[in-house]
>>> print(open('data-v4.cif').read())   # mmCIF, C-alpha atoms
data_structure
loop_
_atom_site.label_atom_id
_atom_site.label_comp_id
_atom_site.auth_asym_id
_atom_site.auth_seq_id
_atom_site.Cartn_x
_atom_site.Cartn_y
_atom_site.Cartn_z
CA MET N 179 -20.14 -17.55 -1.05
CA ARG N 180 -18.08 -20.19 -2.86
CA ASN N 181 -17.92 -20.88 -6.58
CA SER N 182 -20.87 -18.66 -7.36
CA ILE N 183 -21.70 -15.26 -8.73
CA ILE N 184 -20.37 -12.74 -6.27
CA CYS N 185 -21.89 -9.42 -5.31
CA LEU N 186 -19.39 -7.82 -2.96
CA PHE N 187 -20.22 -4.37 -1.67
CA VAL N 188 -17.62 -2.13 -0.15
CA MET N 189 -17.56 1.22 1.61
CA LEU N 190 -14.17 2.23 2.94
CA ILE N 191 -13.58 4.69 5.78
CA PRO N 192 -10.61 7.02 5.11
CA VAL N 193 -7.32 6.39 6.84
CA LEU N 194 -6.90 8.47 9.97
CA GLY N 195 -4.00 8.59 12.37
CA SER N 196 -1.01 6.29 12.54
CA ALA N 197 -1.21 3.26 10.22
CA GLN N 198 -4.85 2.57 11.07
CA GLN N 199 -6.52 -0.46 9.59
CA ILE N 200 -9.59 0.22 7.46
CA PRO N 201 -12.68 -1.40 9.03
CA ASN N 202 -14.36 -4.06 6.94
CA ASP N 203 -17.61 -2.12 6.56
CA TYR N 204 -19.03 -3.51 3.30
CA THR N 205 -22.33 -1.68 2.88
CA GLY N 206 -23.08 -1.07 -0.76
CA LYS N 207 -20.53 1.08 -2.56
CA TYR N 208 -19.39 -1.32 -5.27
CA TYR N 209 -21.00 -3.88 -7.50
CA LEU N 210 -18.61 -6.59 -8.62
CA PRO N 211 -19.48 -8.26 -11.92
CA PRO N 212 -19.83 -12.06 -11.96
CA LEU N 213 -16.89 -14.23 -12.96
CA ALA N 214 -16.00 -13.40 -16.57
CA LYS N 215 -16.06 -16.10 -19.23
CA PRO N 216 -13.80 -16.06 -22.31
CA GLY N 217 -15.74 -15.14 -25.42
CA GLU N 218 -18.40 -13.25 -23.48
CA GLY N 219 -18.30 -9.48 -23.03
CA ALA N 220 -14.86 -7.90 -22.88
CA LEU N 221 -12.87 -11.05 -22.01
CA ILE N 222 -11.50 -12.52 -25.24
CA LYS N 223 -9.08 -15.13 -23.92
CA SER N 224 -7.96 -16.64 -20.61
CA GLU N 225 -5.38 -19.42 -20.56
CA LEU N 226 -2.35 -20.75 -18.70
CA ILE N 227 1.06 -20.07 -20.22
CA TYR N 228 1.84 -23.71 -19.43
CA GLU N 229 -0.33 -26.50 -18.10
CA LEU N 230 -0.25 -27.59 -14.47
CA ASP N 231 0.79 -31.15 -15.37
CA ASN N 232 3.89 -29.93 -17.22
CA LYS N 233 5.56 -27.30 -15.02
CA PRO N 234 9.12 -26.03 -15.52
CA THR N 235 9.43 -25.43 -11.74
CA PRO N 236 7.31 -26.29 -8.69
CA GLN N 237 6.31 -22.64 -8.17
CA VAL N 238 6.28 -19.38 -10.16
CA HIS N 239 5.36 -15.80 -9.34
CA ALA N 240 5.58 -12.11 -10.28
CA SER N 241 5.03 -12.05 -14.03
CA THR N 242 5.66 -9.15 -16.40
CA LEU N 243 4.85 -8.71 -20.09
CA ILE N 244 5.68 -6.46 -23.04
CA GLU N 245 4.70 -6.13 -26.68
CA THR N 246 7.59 -6.39 -29.15
CA PRO N 247 7.54 -6.16 -32.97
CA GLU N 248 7.47 -9.97 -32.95
CA GLY N 249 4.71 -10.38 -30.38
CA ILE N 250 4.09 -10.57 -26.65
CA VAL N 251 6.91 -11.58 -24.30
CA SER N 252 6.42 -12.57 -20.65
CA ALA N 253 8.87 -13.17 -17.81
CA PHE N 254 8.46 -14.42 -14.25
CA PHE N 255 10.51 -15.99 -11.49
CA GLY N 256 10.40 -19.70 -10.82
CA GLY N 257 11.97 -22.34 -8.60
CA THR N 258 11.20 -24.56 -5.65
CA HIS N 259 9.50 -21.67 -3.86
CA GLU N 260 9.90 -17.92 -3.43
CA ASN N 261 13.26 -16.99 -1.83
CA ASN N 262 14.79 -20.43 -2.47
CA PRO N 263 18.30 -20.06 -3.98
CA ASP N 264 17.25 -22.07 -7.06
CA VAL N 265 14.79 -19.35 -8.16
CA GLY N 266 15.72 -17.82 -11.53
CA ILE N 267 14.04 -15.64 -14.15
CA ARG N 268 12.29 -17.40 -17.03
CA VAL N 269 11.05 -15.97 -20.32
CA SER N 270 8.24 -17.22 -22.57
CA ARG N 271 7.24 -15.74 -25.96
CA LEU N 272 3.84 -15.87 -27.62
CA ILE N 273 4.54 -17.31 -31.08
CA ASN N 274 1.68 -17.94 -33.52
CA GLY N 275 -0.76 -18.06 -30.65
CA GLU N 276 1.28 -20.51 -28.56
CA TRP N 277 3.53 -19.79 -25.59
CA SER N 278 7.09 -21.06 -25.89
CA TRP N 279 8.59 -23.20 -23.15
CA PRO N 280 9.71 -20.89 -20.29
CA GLU N 281 13.52 -20.84 -20.46
CA GLU N 282 15.65 -19.65 -17.56
CA ILE N 283 17.71 -16.72 -18.86
CA VAL N 284 19.33 -15.46 -15.63
CA ASN N 285 19.88 -16.73 -12.13
CA GLY N 286 21.47 -15.62 -8.87
CA VAL N 287 24.69 -17.66 -9.01
CA GLN N 288 27.50 -15.64 -7.39
CA ASN N 289 30.27 -18.25 -7.45
CA ASP N 290 30.80 -22.00 -7.24
CA THR N 291 29.40 -22.19 -3.70
CA LEU N 292 26.95 -19.29 -3.41
CA ARG N 293 23.64 -18.69 -5.16
CA TYR N 294 20.87 -16.23 -4.26
CA PRO N 295 17.24 -16.21 -5.38
CA CYS N 296 16.00 -13.89 -8.14
CA TRP N 297 12.89 -11.76 -7.77
CA ASN N 298 10.28 -9.62 -9.60
CA PRO N 299 11.31 -9.27 -13.26
CA VAL N 300 10.06 -6.19 -15.14
CA LEU N 301 10.13 -5.87 -18.93
CA PHE N 302 10.41 -2.43 -20.55
CA GLN N 303 11.01 -1.14 -24.08
CA PRO N 304 12.55 2.37 -24.08
CA GLU N 305 12.62 4.49 -27.22
CA GLY N 306 15.62 3.69 -29.41
CA LYS N 307 17.11 1.21 -26.96
CA PRO N 308 17.20 -2.58 -26.60
CA LEU N 309 14.46 -4.39 -24.74
CA MET N 310 15.20 -4.22 -21.00
CA LEU N 311 14.59 -6.83 -18.34
CA PHE N 312 15.06 -5.56 -14.80
CA TYR N 313 15.14 -8.01 -11.91
CA LYS N 314 16.38 -8.34 -8.35
CA VAL N 315 18.93 -10.69 -6.75
CA GLY N 316 19.52 -11.25 -3.05
CA PRO N 317 18.52 -13.21 0.04
CA SER N 318 15.37 -11.12 0.70
CA PRO N 319 13.51 -7.93 -0.30
CA THR N 320 15.32 -6.06 2.48
CA THR N 321 18.76 -7.02 1.13
CA TRP N 322 18.32 -7.47 -2.63
CA TRP N 323 19.86 -5.35 -5.42
CA GLY N 324 18.80 -4.46 -8.95
CA MET N 325 20.08 -6.18 -12.09
CA LEU N 326 19.54 -5.55 -15.81
CA THR N 327 19.82 -7.66 -18.93
CA THR N 328 18.88 -6.52 -22.44
CA SER N 329 17.77 -8.10 -25.70
CA GLU N 330 18.47 -6.91 -29.25
CA ASP N 331 16.16 -9.52 -30.83
CA ASN N 332 12.81 -9.07 -29.07
CA GLY N 333 13.50 -11.47 -26.23
CA LYS N 334 15.14 -14.40 -28.00
CA THR N 335 18.62 -13.85 -26.57
CA TRP N 336 19.87 -11.74 -23.68
CA SER N 337 23.02 -9.87 -22.72
CA ALA N 338 25.25 -10.62 -19.77
CA PRO N 339 23.51 -9.18 -16.69
CA LYS N 340 24.88 -6.11 -14.95
CA LYS N 341 24.21 -4.55 -11.57
CA LEU N 342 22.25 -1.28 -11.64
CA GLY N 343 24.61 0.40 -9.21
CA GLU N 344 24.45 2.33 -5.96
CA ASP N 345 22.79 5.48 -4.68
CA PRO N 346 24.68 7.46 -2.01
CA ILE N 347 21.63 7.68 0.25
CA ILE N 348 19.70 4.42 -0.13
CA GLY N 349 22.44 2.04 -1.26
CA HIS N 350 21.48 -0.49 -3.95
CA ILE N 351 19.47 0.82 -6.90
CA ILE N 352 16.57 -1.59 -7.29
CA GLY N 353 15.05 -0.65 -10.63
CA PRO N 354 11.27 -0.91 -11.09
CA VAL N 355 10.34 -3.03 -8.10
CA LYS N 356 7.34 -4.83 -9.65
CA ASN N 357 5.53 -2.70 -12.24
CA LYS N 358 6.64 -1.31 -15.58
CA PRO N 359 8.39 2.06 -16.01
CA VAL N 360 6.83 4.83 -18.07
CA GLN N 361 8.59 6.97 -20.66
CA LEU N 362 7.15 10.46 -20.94
CA ALA N 363 6.90 12.59 -24.09
CA SER N 364 10.05 14.40 -22.95
CA GLY N 365 11.94 11.11 -23.09
CA ARG N 366 12.22 10.88 -19.31
CA ILE N 367 11.91 7.35 -17.91
CA ILE N 368 10.43 6.88 -14.44
CA ASN N 369 10.88 3.60 -12.59
CA PRO N 370 8.21 3.06 -9.90
CA THR N 371 10.06 1.43 -7.03
CA SER N 372 10.06 0.94 -3.26
CA LEU N 373 12.23 -0.24 -0.42
CA GLU N 374 11.54 -2.44 2.59
CA TYR N 375 13.56 -1.62 5.69
CA ILE N 376 14.18 -3.61 8.85
CA ILE N 377 13.32 -1.73 12.04
CA ASN N 378 14.34 -2.97 15.49
CA GLY N 379 15.62 -6.15 13.90
CA ARG N 380 12.24 -7.44 12.80
CA GLU N 381 9.60 -4.95 11.61
CA GLN N 382 9.47 -3.77 8.01
CA ASP N 383 9.08 -0.11 7.07
CA TRP N 384 7.76 0.33 3.51
CA LYS N 385 8.68 3.40 1.46
CA VAL N 386 7.85 4.39 -2.14
CA TYR N 387 10.55 5.92 -4.37
CA PHE N 388 10.93 6.81 -8.03
CA GLU N 389 14.06 6.38 -10.13
CA ILE N 390 14.38 8.95 -12.93
CA SER N 391 16.55 8.73 -16.04
CA ASP N 392 16.94 11.41 -18.70
CA ASP N 393 19.50 9.47 -20.75
CA GLY N 394 17.53 6.42 -21.81
CA GLY N 395 18.25 4.40 -18.70
CA ASP N 396 22.02 4.74 -18.60
CA THR N 397 21.98 6.59 -15.27
CA TRP N 398 19.37 7.07 -12.55
CA LYS N 399 18.60 9.59 -9.83
CA MET N 400 16.45 8.79 -6.83
CA VAL N 401 13.33 10.72 -5.78
CA GLY N 402 11.79 9.97 -2.39
CA PRO N 403 10.71 8.51 -0.15
CA VAL N 404 7.33 10.05 -0.94
CA ASN N 405 5.44 8.51 2.00
CA ASP N 406 6.19 8.79 5.71
CA GLY N 407 5.62 5.13 6.59
CA VAL N 408 3.19 6.26 9.31
CA ASN N 409 -0.17 6.82 7.64
CA PHE N 410 0.72 4.41 4.86
CA ASP N 411 3.16 1.52 4.59
CA ALA N 412 3.25 1.38 0.78
CA ILE N 413 5.25 -0.45 -1.88
CA GLN N 414 5.12 -1.49 -5.53
CA PRO N 415 3.63 1.59 -7.23
CA SER N 416 2.32 1.69 -10.79
CA ILE N 417 2.24 4.90 -12.81
CA LEU N 418 -0.63 6.46 -14.76
CA THR N 419 -0.37 9.54 -16.98
CA TYR N 420 -2.82 12.33 -17.83
CA PRO N 421 -3.20 14.78 -20.76
CA ASP N 422 -2.40 17.78 -18.52
CA GLY N 423 1.00 16.30 -17.66
CA ARG N 424 0.11 15.03 -14.20
CA ILE N 425 1.28 11.61 -13.07
CA GLN N 426 -0.53 9.36 -10.60
CA ALA N 427 1.09 6.46 -8.74
CA ILE N 428 -1.05 3.75 -7.15
CA SER N 429 0.53 1.46 -4.52
CA ARG N 430 -0.37 -1.51 -2.37
CA THR N 431 -0.41 -0.88 1.38
CA LYS N 432 -0.71 -2.63 4.73
CA GLN N 433 -3.78 -0.49 5.50
CA ASN N 434 -6.44 -2.50 3.62
CA VAL N 435 -6.64 0.07 0.80
CA LEU N 436 -4.74 1.12 -2.27
CA SER N 437 -2.93 4.44 -1.96
CA GLN N 438 -2.41 7.20 -4.51
CA ILE N 439 0.02 10.06 -4.94
CA TRP N 440 0.34 12.70 -7.68
CA SER N 441 3.11 14.68 -9.39
CA ASP N 442 2.75 17.64 -11.76
CA ASP N 443 6.46 18.05 -12.63
CA GLU N 444 7.38 14.74 -14.30
CA GLY N 445 8.12 12.99 -11.03
CA GLU N 446 10.52 15.54 -9.51
CA THR N 447 8.19 16.20 -6.57
CA TRP N 448 5.08 14.46 -5.27
CA GLY N 449 2.09 15.50 -3.18
CA GLU N 450 0.58 13.82 -0.16
CA MET N 451 -0.13 10.09 -0.25
CA THR N 452 -3.83 9.44 0.33
CA ALA N 453 -6.20 6.48 0.26
CA LEU N 454 -7.74 5.42 -3.02
CA ASP N 455 -11.33 4.36 -2.49
CA LEU N 456 -10.64 0.71 -3.32
CA PRO N 457 -9.82 -2.17 -0.98
CA ASN N 458 -6.57 -4.14 -1.04
CA PRO N 459 -5.43 -7.19 0.95
CA ASN N 460 -1.76 -6.06 0.87
CA SER N 461 -1.24 -7.60 -2.56
CA GLY N 462 0.44 -6.39 -5.75
CA THR N 463 -1.51 -4.52 -8.42
CA ASP N 464 -0.78 -2.95 -11.80
CA ALA N 465 -2.41 -0.28 -13.96
CA VAL N 466 -2.23 1.17 -17.46
CA THR N 467 -3.32 4.40 -19.14
CA LEU N 468 -5.38 3.42 -22.18
CA THR N 469 -4.99 5.21 -25.49
CA ASP N 470 -8.49 6.70 -25.11
CA GLY N 471 -7.41 8.36 -21.84
CA ARG N 472 -9.18 6.02 -19.44
CA GLN N 473 -7.27 4.33 -16.62
CA LEU N 474 -7.45 0.58 -16.07
CA LEU N 475 -6.41 -1.13 -12.83
CA VAL N 476 -5.97 -4.84 -12.10
CA TYR N 477 -6.13 -5.70 -8.40
CA ASN N 478 -7.60 -7.93 -5.70
CA HIS N 479 -10.90 -6.28 -4.65
CA SER N 480 -10.87 -7.55 -1.08
CA THR N 481 -9.15 -7.54 2.28
CA LYS N 482 -7.87 -10.51 4.28
CA ASP N 483 -11.00 -10.65 6.44
CA GLY N 484 -14.55 -11.79 5.87
CA ASP N 485 -15.99 -14.59 3.79
CA GLU N 486 -14.41 -16.11 0.70
CA PRO N 487 -13.45 -15.01 -1.82
CA LYS N 488 -11.12 -12.79 0.20
CA GLY N 489 -7.43 -11.92 0.17
CA ARG N 490 -5.86 -13.03 -3.08
CA ASN N 491 -8.74 -15.34 -3.99
CA ILE N 492 -10.46 -12.71 -6.13
CA LEU N 493 -8.92 -10.69 -8.97
CA ASN N 494 -10.60 -7.74 -10.68
CA LEU N 495 -10.39 -4.94 -13.20
CA ALA N 496 -11.56 -1.40 -12.39
CA LEU N 497 -11.91 1.54 -14.76
CA SER N 498 -11.63 5.28 -14.14
CA GLU N 499 -11.89 8.48 -16.15
CA ASN N 500 -10.00 10.62 -13.65
CA GLY N 501 -8.00 8.28 -11.40
CA ILE N 502 -10.21 9.15 -8.43
CA ASP N 503 -13.58 7.54 -9.16
CA TRP N 504 -13.28 3.85 -10.02
CA LYS N 505 -15.82 1.25 -11.12
CA PRO N 506 -15.12 -2.50 -11.13
CA VAL N 507 -15.76 -3.77 -14.66
CA MET N 508 -14.58 -7.38 -14.59
CA THR N 509 -14.00 -10.27 -12.21
CA LEU N 510 -11.15 -12.38 -13.60
CA GLU N 511 -11.04 -14.90 -10.73
CA ASN N 512 -13.14 -15.62 -7.64
CA ILE N 513 -12.88 -19.35 -6.92
CA PRO N 514 -10.70 -19.89 -3.81
CA VAL N 515 -7.46 -21.83 -4.29
CA GLU N 516 -4.54 -22.54 -2.00
CA ASP N 517 -2.24 -19.71 -3.10
CA GLY N 518 -4.59 -17.31 -4.82
CA TYR N 519 -4.32 -15.07 -7.88
CA ALA N 520 -1.74 -12.38 -7.51
CA TYR N 521 0.89 -9.97 -8.81
CA PRO N 522 -0.81 -9.03 -12.08
CA ALA N 523 0.84 -7.16 -14.95
CA ILE N 524 -1.13 -5.22 -17.57
CA ILE N 525 -0.36 -3.52 -20.90
CA GLN N 526 -2.29 -2.24 -23.91
CA ALA N 527 -0.97 -3.51 -27.24
CA SER N 528 -0.81 -1.67 -30.55
CA ASP N 529 -4.08 -3.27 -31.67
CA GLY N 530 -5.89 -1.69 -28.73
CA LEU N 531 -6.39 -4.92 -26.83
CA VAL N 532 -5.34 -5.21 -23.19
CA HIS N 533 -3.04 -8.07 -22.21
CA ILE N 534 -2.74 -9.30 -18.62
CA THR N 535 -0.65 -11.92 -16.86
CA TYR N 536 -0.85 -12.98 -13.23
CA THR N 537 0.23 -15.68 -10.80
CA TYR N 538 -2.18 -18.60 -10.88
CA ASN N 539 -2.08 -20.43 -7.52
CA ARG N 540 1.75 -20.14 -7.61
CA ARG N 541 1.70 -23.11 -10.02
CA SER N 542 1.49 -21.32 -13.38
CA ILE N 543 1.08 -17.91 -15.00
CA LYS N 544 -2.30 -17.07 -16.47
CA TYR N 545 -2.69 -14.90 -19.57
CA ALA N 546 -5.83 -12.94 -20.38
CA VAL N 547 -6.79 -10.70 -23.30
CA VAL N 548 -9.47 -8.04 -22.88
CA ASP N 549 -11.14 -5.65 -25.31
CA PRO N 550 -11.54 -2.41 -23.31
CA ARG N 551 -14.22 -1.16 -25.70
CA ASN N 552 -16.60 -3.83 -24.45
CA PHE N 553 -16.67 -3.26 -20.72
CA SER N 554 -20.15 -3.35 -19.27
CA ILE N 555 -20.39 -0.71 -16.54
CA ARG N 556 -23.20 -0.88 -14.00
CA ASN N 557 -23.99 2.34 -12.17
#
>>> encode(input="data-v4.cif", output="structure tokens")
Amino acid sequence: MRNSIICLFVMLIPVLGSAQQIPNDYTGKYYLPPLAKPGEGALIKSELIYELDNKPTPQVHASTLIETPEGIVSAFFGGTHENNPDVGIRVSRLINGEWSWPEEIVNGVQNDTLRYPCWNPVLFQPEGKPLMLFYKVGPSPTTWWGMLTTSEDNGKTWSAPKKLGEDPIIGHIIGPVKNKPVQLASGRIINPTSLEYIINGREQDWKVYFEISDDGGDTWKMVGPVNDGVNFDAIQPSILTYPDGRIQAISRTKQNVLSQIWSDDEGETWGEMTALDLPNPNSGTDAVTLTDGRQLLVYNHSTKDGDEPKGRNILNLALSENGIDWKPVMTLENIPVEDGYAYPAIIQASDGLVHITYTYNRRSIKYAVVDPRNFSIRN
């Protein structure tokens, strides 16, 4: 059904055996709300960071956002197209309700004759430290390395970038691969990350890792991989926290579902990776633990098969009390476009409102503000 109110019903069969695909058996498990409209219900605002007729680069992707004492800051990569050497990281700040022009703050120039693309920026504000911007540089996700630049003035100016370093087992330290780190009450910082390996010269093996720092991000130790790459090919985790100290990580997979994995010792060890009962078309997601204890996930509620909207042509919010049972509470997008709606980032600001950015058809970054107190939940 195109350009209309969508009722998409999903029942997912658990993953069994070696990297099985989940059948597209949509039989009545979920009700998806109709396309949200700004000013109605929980959606307060929905706008492009810059208009399509005034683009800083032909394409953009992989946004991130953070609240600073001076307002919301967003970053994303932009250039001719993903993996082109001209792709750099751009930053835009929300000032008096208007987004500043996205300025390129770092790029992948190595010398006078060599430049690599930049990838997946991630903003993070640790306690007592400057604002951090992690990003990746390299020819591809199988060969890239992690970089870091910092800001002492809430994103106006940035330090000279530095490489994150090496790990004796995995090689390059990547940093948070797509989604924001979390800092626990103990002060420990956990970067959700993942690696993509080449097998037999062509196939990619996806593994989830976590980088842990107990010194404010000065040094990192690696935990993982936490999945075997057999039942789940998973990357790009996001981290949720619980009052009892448990941590949940939700990842995208190649198996048509989101995956989950839990830790009860601040990320030192992790349990078995299992399927979360939500579909996924192998597309990036993000999640946030709200101050009231609920968990909020932004994701594409679809697979690559079936009728439109499918794949990345639908973008949704789902809410959970326990991280296991989820209910879709908002449809942010469902009108098919060429390059979809993807790679969302989500935070809750100090005023309690939820702020979201995501790739809009690879041509701009869209910004949405949601009041989580006003979700309408249908049983």
>>> residues_around(input="data-v4.cif", residues="Val287 (chain N)", least_positions_apart="5", cutoff="9 Å", atoms="only C-alpha atoms", output="ChimeraX atom specification")
/N:263-264,292-295
>>> residues_around(input="data-v4.cif", residues="region 233-248 of chain N", least_positions_apart="2", cutoff="7 Å", atoms="all atoms listed in the file", output="count of residues only")
30
>>> atom_distance(input="data-v4.cif", atom1="CA of Pro359 (chain N)", atom2="CA of Glu305 (chain N)")
12.2 Å
>>> residues_around(input="data-v4.cif", residues="Gly306 (chain N)", least_positions_apart="6", cutoff="12 Å", atoms="only C-alpha atoms", output="list in words")
Glu330, Gln361, Gly365, Asp393, Gly394 and Gly395 of chain N
>>> resolve_selection(input="data-v4.cif", expression="the PyMOL selection byres ((chain N and resi 501) around 9)", output="MDAnalysis selection string")
chainID N and resid 418 426 438 454 472:473 497:500 502:504
>>> write_last_selection(input="data-v4.cif", atoms="C-alpha atoms", output="tab-separated table (two decimals), keeping the file's coordinate frame")
chain	number	residue	atom	x	y	z
N	418	LEU	CA	-0.63	6.46	-14.76
N	426	GLN	CA	-0.53	9.36	-10.60
N	438	GLN	CA	-2.41	7.20	-4.51
N	454	LEU	CA	-7.74	5.42	-3.02
N	472	ARG	CA	-9.18	6.02	-19.44
N	473	GLN	CA	-7.27	4.33	-16.62
N	497	LEU	CA	-11.91	1.54	-14.76
N	498	SER	CA	-11.63	5.28	-14.14
N	499	GLU	CA	-11.89	8.48	-16.15
N	500	ASN	CA	-10.00	10.62	-13.65
N	502	ILE	CA	-10.21	9.15	-8.43
N	503	ASP	CA	-13.58	7.54	-9.16
N	504	TRP	CA	-13.28	3.85	-10.02
>>> closest_residue(input="data-v4.cif", among="N:Pro421, N:Gly449, N:Pro280, N:Pro346", to="Thr467 (chain N)", atoms="all atoms listed in the file")
N:Pro421
>>> atom_distance(input="data-v4.cif", atom1="CA of Arg551 (chain N)", atom2="CA of Ala220 (chain N)")
7.3 Å
>>> residues_around(input="data-v4.cif", residues="Pro354 (chain N)", least_positions_apart="4", cutoff="8 Å", atoms="all atoms listed in the file", output="PyMOL selection string")
chain N and resi 300+312+358-359+369-371+389
>>> resolve_selection(input="data-v4.cif", expression="the PyMOL selection byres ((chain N and resi 457-464) around 9)", output="CSV table (one decimal) with C-alpha atoms, keeping the file's coordinate frame")
chain,number,residue,atom,x,y,z
N,188,VAL,CA,-17.6,-2.1,-0.2
N,189,MET,CA,-17.6,1.2,1.6
N,190,LEU,CA,-14.2,2.2,2.9
N,200,ILE,CA,-9.6,0.2,7.5
N,240,ALA,CA,5.6,-12.1,-10.3
N,356,LYS,CA,7.3,-4.8,-9.6
N,357,ASN,CA,5.5,-2.7,-12.2
N,358,LYS,CA,6.6,-1.3,-15.6
N,412,ALA,CA,3.2,1.4,0.8
N,413,ILE,CA,5.2,-0.4,-1.9
N,414,GLN,CA,5.1,-1.5,-5.5
N,415,PRO,CA,3.6,1.6,-7.2
N,416,SER,CA,2.3,1.7,-10.8
N,417,ILE,CA,2.2,4.9,-12.8
N,428,ILE,CA,-1.0,3.8,-7.2
N,429,SER,CA,0.5,1.5,-4.5
N,430,ARG,CA,-0.4,-1.5,-2.4
N,431,THR,CA,-0.4,-0.9,1.4
N,432,LYS,CA,-0.7,-2.6,4.7
N,433,GLN,CA,-3.8,-0.5,5.5
N,434,ASN,CA,-6.4,-2.5,3.6
N,435,VAL,CA,-6.6,0.1,0.8
N,436,LEU,CA,-4.7,1.1,-2.3
N,454,LEU,CA,-7.7,5.4,-3.0
N,455,ASP,CA,-11.3,4.4,-2.5
N,456,LEU,CA,-10.6,0.7,-3.3
N,465,ALA,CA,-2.4,-0.3,-14.0
N,466,VAL,CA,-2.2,1.2,-17.5
N,474,LEU,CA,-7.4,0.6,-16.1
N,475,LEU,CA,-6.4,-1.1,-12.8
N,476,VAL,CA,-6.0,-4.8,-12.1
N,477,TYR,CA,-6.1,-5.7,-8.4
N,478,ASN,CA,-7.6,-7.9,-5.7
N,479,HIS,CA,-10.9,-6.3,-4.6
N,480,SER,CA,-10.9,-7.6,-1.1
N,481,THR,CA,-9.2,-7.5,2.3
N,482,LYS,CA,-7.9,-10.5,4.3
N,483,ASP,CA,-11.0,-10.6,6.4
N,488,LYS,CA,-11.1,-12.8,0.2
N,489,GLY,CA,-7.4,-11.9,0.2
N,490,ARG,CA,-5.9,-13.0,-3.1
N,520,ALA,CA,-1.7,-12.4,-7.5
N,521,TYR,CA,0.9,-10.0,-8.8
N,522,PRO,CA,-0.8,-9.0,-12.1
N,523,ALA,CA,0.8,-7.2,-15.0
N,524,ILE,CA,-1.1,-5.2,-17.6
>>> residues_around(input="data-v4.cif", residues="Pro487 (chain N)", least_positions_apart="6", cutoff="7 Å", atoms="only C-alpha atoms", output="ChimeraX atom specification")
/N:512-514
>>> atom_distance(input="data-v4.cif", atom1="CA of Leu468 (chain N)", atom2="CA of Thr419 (chain N)")
9.5 Å
>>> closest_atom_pairs(input="data-v4.cif", of="region 413-464 of chain N", to="region 400-404 of chain N", cutoff="8 Å", atoms="all atoms listed in the file", output="CSV")
residue,atom,partner,partner_atom,distance
N:Gly445,CA,N:Val401,CA,7.7
N:Glu446,CA,N:Val401,CA,6.7
N:Thr447,CA,N:Val401,CA,7.6
N:Trp448,CA,N:Val404,CA,6.6
N:Gly449,CA,N:Val404,CA,7.9
N:Glu450,CA,N:Val404,CA,7.8
N:Met451,CA,N:Val404,CA,7.5
>>> residues_near_point(input="data-v4.cif", point="(-0.7, -22.1, -25.9)", cutoff="12 Å", atoms="only C-alpha atoms", output="VMD selection string")
chain N and resid 223 to 229 270 to 280 543 to 546
>>> closest_residue(input="data-v4.cif", among="N:Asn494, N:Asn378, N:Asn261, N:Gln288", to="Leu210 (chain N)", atoms="only C-alpha atoms")
N:Asn494
>>> closest_residue(input="data-v4.cif", among="N:Asp331, N:Asp470, N:Asp529, N:Glu260", to="Trp297 (chain N)", atoms="all atoms listed in the file")
N:Glu260
>>> closest_residue(input="data-v4.cif", among="N:Lys385, N:Lys307, N:Arg424, N:Lys399", to="Ser329 (chain N)", atoms="all atoms listed in the file")
N:Lys307
>>> resolve_selection(input="data-v4.cif", expression="the PyMOL selection byres ((chain N and resi 548-550) around 7)", output="list in words")
Ala220, Leu221, Ile222, Leu531, Val532, His533, Ala546, Val547, Arg551, Asn552 and Phe553 of chain N
>>> residues_near_point(input="data-v4.cif", point="(20.2, -9.4, -22.4)", cutoff="7 Å", atoms="only C-alpha atoms", output="VMD selection string")
chain N and resid 327 to 329 335 to 339
